[in-house]
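Asker: Here it is, the structure in full.
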Amino acid sequence: MAVAAHAALADALQHTRDRTLALVAPFSYSELEHVQHPLMSPLAWDLGHIAAYEDLWLVHRHGGGEPVRGDLADLYDAFETPRAVRGEIPFLRGHDVFDYLGAVRERALDVLHDAGPADGTLFEIVIRHEAQHNETMRQTLFLAGLTGGRPRAAPRDADAAEGWIDIPADRFSIGARAGVFAYDNERPRHVVEVPAFRIARRPVTNASWAHFCEGGGYERREWWSDEGWAWKQEYDIVHPEGWTADGRPRDDADRPVLHVSWFEADAFARAHGARLPTEAEWEKAATWSQEPIAQIGEAFEWTSSCFAGYPGFIAHPYREYSEVFFGERYRVLRGSSWATEPRARSLTFRNWDLPQRRQIFAGVRLAKDVS
């Protein structure tokens, strides 16, 4: 790769690190080390994990050198140390974690200079990994009610037309094209057949969800699946995560609703005589040039699809990125959210989570069959 390409990767690494450091700057060491919510990691653990991931993939595996801190590999391995125990383990605290971030970055830049980036894939994975953890850390801040957990800018396309777009039946190619960066679960690109369907021009807004709440949305048993109703009853769910105690949204009425589970999204769709789109329908609509759908990028959007590999899937560069999550437990989300780094946005990106999860910046776009 040319010198300019080397510089571009170095700039991207620095840009993402600047965002990480700005995100945690308002907080004391004590706040960074505290378990802000039982579902999430301490923010300081996330910082150490970011450094350890870069240490493994750029310093050790790409550069061929000894890791800066090989003794921390297990401690910062997401599978070796699940979230439930991260607050109890001896992760780096105080200035030590920032020193580790800096030391690894210095070595990674040396690797980039001395060994080059090869095809750039591992550098891109590291950059996007840190960007994704920025978004995860914002989820922690949201759940804790801390600075950085809520969007500030006015919603884009707030005046987008309501109603539906009719998409005709079609055979089209889904997945990432050759020659662009993509994760293993976005490949291989392949042809699927999608029957005609209708999809909402814009995602469901806070105002629409408030009407759902006021109309008994969390009380009408017939709108909920058996599993969803059991979850709602067990945890006394009566409105989206983060709304006021009296069931009102804290964000603009026209902004897409956030922090709803798949169970809630499914119930809302049933209540409106609709359903959630499949991920093939979502990608078809998002890439349909005749009439683009609005407000992509404000919220991840739940689909009806379970998370699975595409035909011919090959895990790369490690199966723990996505393959271990394949199956009926996880549902696919598509798009991106207000908290997603622009570099990490893609219409073929596949996110996933458990159907009860609400920490993610997730919303809903409705679909319907065409009779």
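Letters A, B, ... go to the chains of the structure tokens in the order shown; residues in each chain start at 1; ligands are counted from 1 in the same order.
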Pull the alpha helix (DSSP H) assignments for stretch 176-341 of chain A out of DSSP run on the backbone, and list those residues as a ChimeraX atom specification.
Answerer: /A:206-214,226-235,262-271,279-286
Asker: Quick check for you: according to DSSP on this backbone, which residues of stretch 52-239 of chain A are classed as strand (DSSP E or B)? Reply as a compact mmCIF listing (two decimals) with C-alpha atoms, in the first residue's frame.
Answerer:
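So the final result, stored in states31.txt, reads:
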```
# COMPACT_ATOMS: atom_id res chain seq x y z
CA TRP A 164 -45.59 2.77 3.20
CA ILE A 165 -43.36 1.88 0.28
CA ASP A 166 -44.44 -1.02 -1.95
CA ILE A 167 -41.49 -3.17 -3.01
CA ASP A 170 -37.45 -9.67 -6.80
CA ARG A 171 -34.33 -11.82 -6.88
CA PHE A 172 -31.46 -9.72 -5.60
CA SER A 173 -28.00 -10.12 -4.14
CA ILE A 174 -27.67 -9.73 -0.39
CA HIS A 190 -25.64 -14.42 -2.66
CA VAL A 191 -28.95 -14.24 -4.45
CA VAL A 192 -32.23 -14.49 -2.53
CA GLU A 193 -35.82 -14.33 -3.64
CA VAL A 194 -38.00 -11.83 -1.81
CA PHE A 197 -43.86 -6.58 0.57
CA ARG A 198 -44.55 -3.19 2.07
CA ILE A 199 -42.23 -1.37 4.44
CA ALA A 200 -42.71 1.79 6.47
CA THR A 205 -41.23 7.33 16.55
```
Asker: Provide the atom CA of A:Arg275 to atom CA of A:Trp224 distance in Å, to one decimal place.
Answerer: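 Distance reported for this atom pair: 12.1 Å.
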Asker: Using only C-alpha atoms, determine which residues lie at most 12 Å from A:Pro151, disregarding the query and same-chain residues fewer than 2 positions distant; provide the list as a list in words.
Answerer: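 These residues fall inside the cut-off: Glu135, Arg138, Gln139, Leu141, Phe142, Thr147, Gly148, Gly149, Ala153, Ala154, Pro155, Arg156, Arg250, Asp251, Asp252, Arg255, Pro256, Val257, Leu258, Glu298, Ala299, Ser337, Trp338, Ala339, Thr340 and Phe361 of chain A.
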Asker: Which of these, A:Cys213, A:Ala52, A:Ala308, A:Ala176, has the shortest distance to A:Leu347 once you count only C-alpha atoms?
Answerer: A:Ala176
Asker: I need the residue nearest A:His62 from this list: A:Pro117, A:Gly247, A:Pro203, A:Pro188. Use only C-alpha atoms for the distance.
Answerer: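 Checking each candidate against A:His62, we get A:Pro117 as the closest.
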Asker: Quick one, how far is atom CA of A:Ala5 from atom CA of A:Gly120?
Answerer: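 So the answer is 9.1 Å.
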Asker: Counting only C-alpha atoms, which residue out of A:Gly216, A:Gly70, A:Pro277, A:Pro249 sits closest to A:Leu56?
Answerer: A:Gly70
Asker: With only C-alpha atoms as the counted atoms, please give the residues lying no more than 10 Å from A:Ser30, apart from itself and same-chain residues fewer than 6 positions off, as a VMD selection string.
Answerer: chain A and resid 44 93 to 94
Asker: Could those residues be written to a file, using C-alpha atoms, as a PDB file, in the first residue's frame?
Answerer:
```pdb
ATOM      1  CA  ALA A  44     -12.206   0.758  32.540  1.00  0.00           C
ATOM      2  CA  ARG A  93      -7.216   0.756  37.041  1.00  0.00           C
ATOM      3  CA  GLY A  94      -6.414   4.434  37.222  1.00  0.00           C
TER       4      GLY A  94
END
```
Asker: What lies within 7 Å of A:Pro67 using only C-alpha atoms, ignoring chain neighbours under 4 positions off, as a list in words?
Answerer: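 Answer for this query is Asp55, Leu56, Val59 and His60 of chain A.
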Asker: Between A:His133, A:Arg69, A:Lys284, A:Arg19, which is the closest to A:Leu92 once you count only C-alpha atoms?
Answerer: A:Arg69
Asker: In Å to one decimal, how far is atom CA of A:Ala253 from atom CA of A:Gly335?
Answerer: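 Taking atom CA of A:Gly335 and atom CA of A:Ala253, their separation equals 20.9 Å.
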Asker: May I ask which of the residues A:His6, A:Arg350, A:Arg17, A:His211 is the closest one to A:Gly309, counting only C-alpha atoms?
Answerer: A:Arg350
Asker: Quick one: residues within 9 Å of A:Asp46, only C-alpha atoms, excluding same-chain residues fewer than 3 positions away - as an NGL selection string?
Answerer: :A and (41-43 or 49-51 or 76 or 133-134 or 136-137)
